[in-house]
$ cat input-v9.cif   # mmCIF, C-alpha atoms
data_coords
#
loop_
_atom_site.label_atom_id
_atom_site.label_comp_id
_atom_site.auth_asym_id
_atom_site.auth_seq_id
_atom_site.Cartn_x
_atom_site.Cartn_y
_atom_site.Cartn_z
CA MET A 773 -109.17 41.25 -181.56
CA SER A 774 -107.71 38.85 -179.08
CA GLU A 775 -106.22 39.94 -175.79
CA PRO A 776 -102.50 39.60 -175.38
CA ALA A 777 -101.44 36.51 -173.43
CA THR A 778 -100.89 37.14 -169.76
CA GLU A 779 -97.34 36.44 -168.72
CA ALA A 780 -97.10 33.83 -165.95
CA LYS A 781 -95.89 35.23 -162.70
CA PRO A 782 -93.01 33.44 -160.98
CA PRO A 783 -93.88 31.84 -157.64
CA PRO A 784 -93.23 33.90 -154.62
CA LYS A 785 -89.87 33.39 -153.18
CA GLY A 786 -89.80 31.52 -149.83
CA LYS A 787 -87.18 30.06 -147.55
CA GLY A 788 -85.72 26.86 -149.05
CA LEU A 789 -83.31 24.32 -147.50
CA PRO A 790 -80.05 25.75 -146.31
CA LYS A 791 -77.11 25.09 -148.48
CA LYS A 792 -75.15 23.62 -145.57
CA ILE A 793 -75.98 21.77 -142.36
CA ALA A 794 -73.33 21.93 -139.65
CA GLY A 795 -70.86 23.06 -142.26
CA VAL A 796 -71.65 20.06 -144.49
CA PRO A 797 -73.48 20.43 -147.78
CA THR A 798 -77.16 19.70 -147.26
CA PRO A 799 -77.42 16.67 -149.63
CA VAL A 800 -74.44 15.08 -147.95
CA ALA A 801 -75.82 15.76 -144.46
CA LEU A 802 -79.20 14.26 -145.40
CA GLY A 803 -77.53 11.16 -146.81
CA ILE A 804 -75.48 10.71 -143.68
CA GLY A 805 -78.59 11.11 -141.47
CA ALA A 806 -80.51 8.51 -143.48
CA LEU A 807 -77.61 6.07 -143.21
CA VAL A 808 -77.39 6.56 -139.42
CA LEU A 809 -81.13 5.94 -139.00
CA THR A 810 -80.98 2.78 -141.10
CA LEU A 811 -78.03 1.35 -139.15
CA GLY A 812 -79.72 2.18 -135.84
CA PHE A 813 -82.90 0.41 -136.88
CA LEU A 814 -81.02 -2.72 -137.93
CA PHE A 815 -79.03 -2.72 -134.68
CA LEU A 816 -82.12 -2.46 -132.49
CA ARG A 817 -83.94 -5.17 -134.43
CA ASN A 818 -81.06 -7.63 -134.13
CA LYS A 819 -80.64 -6.86 -130.43
CA SER A 820 -84.32 -7.52 -129.63
CA SER A 821 -84.46 -10.80 -131.57
CA PRO A 822 -83.02 -13.87 -129.74
CA ALA A 823 -80.16 -15.48 -131.54
CA ALA A 824 -81.09 -18.76 -133.12
CA ALA A 825 -79.36 -21.74 -131.65
CA ALA A 826 -76.58 -23.13 -133.74
CA ALA A 827 -77.65 -26.02 -135.95
CA GLY A 828 -76.64 -29.40 -134.48
CA ALA A 829 -76.47 -28.15 -130.88
CA ALA A 830 -77.94 -30.36 -128.13
CA CYS A 831 -81.35 -29.28 -126.84
CA THR A 832 -84.44 -30.41 -124.88
CA ASP A 833 -87.90 -30.35 -126.45
CA ALA A 834 -91.18 -29.42 -124.76
CA ASN A 835 -91.65 -33.00 -123.51
CA GLY A 836 -88.24 -33.07 -121.86
CA ASN A 837 -86.78 -35.34 -124.57
CA GLN A 838 -83.18 -34.83 -125.66
CA GLY A 839 -82.70 -33.65 -129.27
CA THR A 840 -80.67 -31.64 -131.81
CA THR A 841 -81.29 -28.09 -133.01
CA ASP A 842 -81.99 -27.70 -136.76
CA ALA A 843 -81.06 -24.72 -138.96
CA SER A 844 -84.26 -22.87 -137.99
CA GLY A 845 -83.61 -23.23 -134.25
CA ASN A 846 -86.22 -25.98 -133.69
CA CYS A 847 -85.39 -28.84 -131.31
CA ILE A 848 -85.75 -32.15 -133.14
CA SER A 849 -86.06 -34.98 -130.58
CA THR A 850 -83.69 -37.90 -130.96
CA VAL A 851 -85.59 -40.04 -128.45
CA THR A 852 -87.32 -43.12 -129.82
CA GLY A 853 -90.31 -44.89 -128.37
CA THR A 854 -93.50 -43.59 -126.78
CA ASN A 855 -92.25 -40.01 -126.28
CA SER A 856 -90.34 -39.63 -129.59
CA GLY A 857 -90.65 -35.86 -129.80
CA ILE A 858 -94.46 -35.88 -129.75
CA ASP A 859 -96.36 -33.75 -127.26
CA GLN A 860 -97.99 -36.27 -124.92
CA SER A 861 -100.23 -33.79 -123.09
CA GLY A 862 -103.75 -35.05 -122.55
CA GLN A 863 -102.78 -38.71 -122.92
CA PRO A 864 -103.83 -41.30 -120.28
CA CYS A 865 -100.97 -42.36 -118.00
CA GLN A 866 -100.09 -43.82 -114.60
CA ASP A 867 -98.06 -42.04 -111.95
CA GLN A 868 -95.23 -43.65 -109.97
CA ASN A 869 -97.75 -45.12 -107.50
CA GLY A 870 -99.83 -46.69 -110.26
CA ASN A 871 -102.66 -44.13 -110.02
CA PRO A 872 -104.41 -43.11 -113.30
CA GLY A 873 -103.81 -39.61 -114.64
CA ILE A 874 -103.32 -37.33 -117.68
CA SER A 875 -99.94 -36.29 -119.16
CA ASP A 876 -99.09 -32.58 -119.28
CA ALA A 877 -97.02 -30.83 -121.98
CA LEU A 878 -93.80 -31.86 -120.23
CA GLY A 879 -94.74 -35.53 -120.08
CA ASN A 880 -95.53 -35.49 -116.33
CA CYS A 881 -98.44 -37.66 -115.20
CA VAL A 882 -101.00 -35.57 -113.29
CA THR A 883 -103.09 -37.87 -111.06
CA THR A 884 -106.85 -37.73 -111.53
CA GLY A 885 -107.83 -40.18 -108.75
CA GLY A 886 -107.69 -43.85 -107.88
CA LEU A 887 -106.28 -46.03 -105.15
CA SER A 888 -103.21 -44.81 -103.32
CA THR A 889 -100.38 -47.25 -102.84
CA ALA A 890 -98.37 -44.97 -100.55
CA ALA A 891 -97.34 -46.41 -97.19
CA GLY A 892 -99.88 -46.23 -94.38
CA SER A 893 -102.07 -48.38 -92.18
CA GLY A 894 -105.29 -49.47 -93.80
CA THR A 895 -106.56 -48.78 -97.31
CA SER A 896 -107.14 -45.28 -98.69
CA SER A 897 -109.19 -44.45 -101.77
CA GLY A 898 -109.46 -41.45 -104.09
CA GLY A 899 -107.46 -38.24 -104.12
CA ASP A 900 -103.80 -37.75 -104.91
CA SER A 901 -101.15 -40.36 -104.28
CA GLY A 902 -100.89 -41.13 -100.57
CA GLY A 903 -103.68 -38.70 -99.66
CA GLY A 904 -106.05 -41.23 -98.09
CA THR A 905 -106.13 -42.01 -94.35
CA GLY A 906 -105.89 -45.68 -93.42
CA THR A 907 -108.19 -47.35 -90.92
CA VAL A 908 -106.49 -47.98 -87.58
CA GLY A 909 -106.60 -51.62 -86.55
CA THR A 910 -108.45 -52.52 -83.39
CA THR A 911 -106.48 -53.34 -80.25
CA GLY A 912 -105.99 -57.03 -79.70
CA GLY A 913 -107.83 -58.66 -76.85
CA THR A 914 -106.13 -59.39 -73.55
CA GLY A 915 -105.20 -63.02 -73.08
CA THR A 916 -106.28 -64.96 -70.03
CA THR A 917 -103.58 -65.13 -67.41
CA GLY A 918 -102.51 -68.67 -66.69
CA THR A 919 -102.91 -70.05 -63.23
CA THR A 920 -99.85 -70.42 -61.05
CA GLY A 921 -98.60 -73.97 -60.80
CA THR A 922 -98.33 -75.69 -57.46
CA THR A 923 -94.78 -75.86 -56.15
CA PRO A 924 -93.98 -79.34 -54.89
CA THR A 925 -93.11 -79.41 -51.23
CA THR A 926 -90.35 -81.47 -49.67
CA PRO A 927 -91.61 -83.97 -47.11
CA THR A 928 -90.80 -82.89 -43.60
CA THR A 929 -88.52 -84.93 -41.37
CA GLY A 930 -90.22 -87.98 -40.01
CA THR A 931 -92.78 -88.31 -42.81
CA GLY A 932 -92.65 -90.33 -46.02
CA ASP A 933 -93.97 -93.28 -47.90
CA VAL A 934 -91.12 -95.67 -47.09
CA ALA A 935 -90.87 -97.35 -43.73
CA ALA A 936 -87.88 -96.70 -41.52
CA PRO A 937 -85.06 -99.20 -42.07
CA GLY A 938 -84.83 -102.13 -39.67
CA GLY A 939 -82.07 -104.38 -38.35
CA LEU A 940 -80.08 -101.42 -37.03
CA SER A 941 -76.77 -102.33 -35.30
CA LEU A 942 -74.16 -99.87 -33.95
CA THR A 943 -70.70 -100.51 -32.47
CA PRO A 944 -69.00 -97.51 -30.78
CA TYR A 945 -65.26 -96.90 -30.58
CA ALA A 946 -63.20 -94.04 -29.06
CA THR A 947 -63.38 -91.59 -32.00
CA TYR A 948 -65.88 -93.26 -34.31
CA ALA A 949 -68.66 -95.85 -34.55
CA ASP A 950 -69.69 -98.50 -37.08
CA VAL A 951 -73.37 -98.72 -37.95
CA ALA A 952 -75.38 -100.92 -40.32
CA TRP A 953 -79.05 -101.60 -41.19
CA THR A 954 -81.15 -103.88 -43.33
CA PRO A 955 -81.16 -103.04 -47.08
CA ASN A 956 -84.36 -102.16 -48.95
CA PRO A 957 -84.49 -102.82 -52.77
CA ALA A 958 -86.79 -99.78 -53.24
CA VAL A 959 -84.25 -97.36 -51.73
CA THR A 960 -81.16 -96.08 -53.63
CA GLU A 961 -79.86 -93.57 -51.07
CA TRP A 962 -79.97 -93.18 -47.27
CA HIS A 963 -79.88 -90.13 -45.02
CA TYR A 964 -78.28 -90.42 -41.53
CA GLN A 965 -77.52 -88.09 -38.61
CA VAL A 966 -75.49 -88.13 -35.37
CA LEU A 967 -76.59 -85.68 -32.65
CA PRO A 968 -75.34 -84.95 -29.12
CA ALA A 969 -77.25 -86.71 -26.39
CA THR A 970 -78.89 -83.48 -25.25
CA GLY A 971 -78.51 -81.25 -28.32
CA THR A 972 -80.59 -80.70 -31.45
CA THR A 973 -77.84 -79.72 -33.91
CA PRO A 974 -76.35 -82.73 -35.78
CA VAL A 975 -72.58 -83.21 -35.56
CA ILE A 976 -72.82 -85.50 -38.60
CA ASP A 977 -75.49 -85.05 -41.32
CA ALA A 978 -74.80 -87.00 -44.51
CA THR A 979 -76.12 -89.42 -47.13
CA THR A 980 -74.88 -92.79 -48.42
CA THR A 981 -75.82 -95.34 -51.06
CA GLY A 982 -74.77 -98.24 -48.82
CA VAL A 983 -76.21 -99.73 -45.63
CA HIS A 984 -72.97 -99.69 -43.65
CA VAL A 985 -71.14 -96.46 -42.66
CA LYS A 986 -68.40 -95.26 -40.31
CA LEU A 987 -69.48 -92.40 -38.09
CA SER A 988 -66.43 -90.13 -37.80
CA PRO A 989 -65.00 -88.06 -36.20
CA LEU A 990 -66.45 -88.40 -32.72
CA LYS A 991 -65.20 -87.43 -29.27
CA ALA A 992 -64.12 -90.13 -26.80
CA LYS A 993 -66.34 -90.89 -23.80
CA THR A 994 -69.18 -88.81 -25.24
CA ALA A 995 -72.90 -89.65 -25.47
CA TYR A 996 -74.54 -89.42 -28.91
CA ARG A 997 -77.77 -90.30 -30.70
CA PHE A 998 -78.04 -91.85 -34.19
CA ARG A 999 -80.95 -92.13 -36.67
CA VAL A 1000 -81.39 -93.03 -40.40
CA SER A 1001 -84.12 -92.85 -43.08
CA SER A 1002 -84.43 -93.50 -46.83
CA GLU A 1003 -83.48 -90.45 -48.93
CA ASN A 1004 -84.64 -91.62 -52.38
CA PRO A 1005 -87.54 -91.97 -52.06
CA ARG A 1006 -87.82 -90.19 -48.71
CA GLY A 1007 -89.04 -92.31 -45.85
CA LEU A 1008 -89.62 -92.36 -42.13
CA TRP A 1009 -86.79 -91.87 -39.65
CA THR A 1010 -85.82 -94.61 -37.25
CA ALA A 1011 -86.05 -93.91 -33.55
CA TYR A 1012 -82.91 -92.36 -32.04
CA HIS A 1013 -80.30 -95.01 -31.14
CA ALA A 1014 -78.27 -93.77 -28.17
CA PHE A 1015 -74.61 -94.76 -27.75
CA THR A 1016 -71.47 -93.55 -25.94
CA THR A 1017 -67.97 -93.68 -27.40
CA LYS A 1018 -65.20 -95.45 -25.52
CA ALA A 1019 -62.25 -93.90 -23.75
CA ALA A 1020 -59.26 -93.07 -25.85
#
$ encode --input "input-v9.cif" --output "structure tokens"
Amino acid sequence: MSEPATEAKPPPKGKGLPKKIAGVPTPVALGIGALVLTLGFLFLRNKSSPAAAAAGAACTDANGNQGTTDASGNCISTVTGTNSGIDQSGQPCQDQNGNPGISDALGNCVTTGGLSTAAGSGTSSGGDSGGGTGTVGTTGGTGTTGTTGTTPTTPTTGTGDVAAPGGLSLTPYATYADVAWTPNPAVTEWHYQVLPATGTTPVIDATTTGVHVKLSPLKAKTAYRFRVSSENPRGLWTAYHAFTTKAA
């Protein structure tokens, strides 16, 4: 005879979810909480992500070339030629001084060595642009000082290479005297003097291109001495010719 089936016992009663949370039915409160969490997550994600640049906006790429932003925020270079939007890092180049180098990611030429053409005395080699030290030029030699030239001296009175003039004649008057001498074709100018009979300072000291002159002014009844020589070229003086002027 089979045993009667055992009746299943109901599960023990425990504490379930409250019917209300903060006065709001529990299902509604849970839905509101889930919605708040979702909105908060989306807000934080958008805030932490940089806004993509507007398509078509001007931009600069990694090589420093000007370009335009596409829909994905990438900068498409509009530059044509050697640096048309292509990363030139690692490429051989020359810096502004003509030294060899390697381009970096921004298109700058990083010098690797060579001759510097920066200003300086002498030639420098190796290192960065302008880094070398030029060789200082040697000091120039001292020139030989020239010898001092000889200053020509003027012949002293009474000396020369032309003989004293001859044929001297002198006629005295009260306040003057006429005098003449023989011409010399080699002489173009004559020097003559009138001195007191006992003095050494001339009262007349002049030159003439002729061989006849008037000695003036002189004092009446006064004793004088006269002499003449060639001036160009200089010659010998004549002996003093004494004379006395007449009474006024």
$ residues_around --input "input-v9.cif" --residues "Gly839 in chain A" --least-positions-apart "3" --cutoff "6 Å" --atoms "all atoms listed in the file" --output "compact mmCIF listing (two decimals) with C-alpha atoms, in the frame of the given file"
# COMPACT_ATOMS: atom_id res chain seq x y z
CA ALA A 830 -77.94 -30.36 -128.13
CA CYS A 831 -81.35 -29.28 -126.84
CA THR A 832 -84.44 -30.41 -124.88
CA CYS A 847 -85.39 -28.84 -131.31
CA ILE A 848 -85.75 -32.15 -133.14
CA SER A 849 -86.06 -34.98 -130.58
CA THR A 850 -83.69 -37.90 -130.96
$ atom_distance --input "input-v9.cif" --atom1 "CA of Ala1020 in chain A" --atom2 "CA of Gln965 in chain A"
22.8 Å
$ resolve_selection --input "input-v9.cif" --expression "the PyMOL selection byres ((chain A and resi 958) around 12)" --output "list in words"
Asp933, Val934, Ala935, Pro937, Pro955, Asn956, Pro957, Val959, Thr960, Glu961, Trp962, Ser1002, Glu1003, Asn1004, Pro1005, Arg1006 and Gly1007 of chain A
$ resolve_selection --input "input-v9.cif" --expression "the PyMOL selection byres ((chain A and resi 968) around 12)" --output "list in words"
Gln965, Val966, Leu967, Ala969, Thr970, Gly971, Thr972, Thr973, Pro974, Val975, Ile976, Leu990, Lys991, Thr994, Ala995, Tyr996, Arg997, Phe998, Arg999, Tyr1012, His1013, Ala1014, Phe1015, Thr1016 and Thr1017 of chain A
$ atom_distance --input "input-v9.cif" --atom1 "CA of Asn880 in chain A" --atom2 "CA of Asn837 in chain A"
12.0 Å
$ resolve_selection --input "input-v9.cif" --expression "the PyMOL selection byres ((chain A and resi 984-988) around 10)" --output "number ranges by chain"
A: 940-945, 947-955, 964-966, 975-976, 978-983, 989-991, 998
$ atom_distance --input "input-v9.cif" --atom1 "CA of Ala936 in chain A" --atom2 "CA of Lys1018 in chain A"
27.8 Å
$ decode --input "input-v9.cif" --residues "range 992-1004 of chain A" --atoms "N, CA and C atoms" --output "compact mmCIF listing (two decimals), in the first residue's frame"
# COMPACT_ATOMS: atom_id res chain seq x y z
N ALA A 992 117.50 163.69 -45.29
CA ALA A 992 118.50 164.60 -45.88
C ALA A 992 119.75 164.67 -45.00
N LYS A 993 120.89 164.87 -45.67
CA LYS A 993 122.18 165.02 -44.99
C LYS A 993 122.42 163.88 -44.00
N THR A 994 122.18 162.64 -44.47
CA THR A 994 122.37 161.46 -43.63
C THR A 994 123.22 160.45 -44.37
N ALA A 995 124.15 159.80 -43.62
CA ALA A 995 125.05 158.81 -44.22
C ALA A 995 124.37 157.44 -44.21
N TYR A 996 124.49 156.75 -45.37
CA TYR A 996 123.90 155.41 -45.52
C TYR A 996 124.89 154.47 -46.17
N ARG A 997 124.53 153.18 -46.19
CA ARG A 997 125.29 152.16 -46.91
C ARG A 997 124.30 151.36 -47.77
N PHE A 998 124.73 150.99 -48.99
CA PHE A 998 123.87 150.23 -49.89
C PHE A 998 124.60 148.96 -50.35
N ARG A 999 123.81 147.84 -50.52
CA ARG A 999 124.37 146.63 -51.11
C ARG A 999 123.26 145.90 -51.86
N VAL A 1000 123.63 144.98 -52.80
CA VAL A 1000 122.67 144.24 -53.62
C VAL A 1000 123.24 142.87 -53.95
N SER A 1001 122.35 141.87 -54.14
CA SER A 1001 122.74 140.52 -54.54
C SER A 1001 121.62 139.93 -55.39
N SER A 1002 121.90 138.83 -56.08
CA SER A 1002 120.85 138.15 -56.85
C SER A 1002 119.96 137.37 -55.87
N GLU A 1003 118.64 137.41 -56.09
CA GLU A 1003 117.69 136.72 -55.22
C GLU A 1003 117.27 135.38 -55.82
N ASN A 1004 117.21 135.29 -57.14
CA ASN A 1004 116.76 134.06 -57.80
C ASN A 1004 117.61 133.81 -59.03
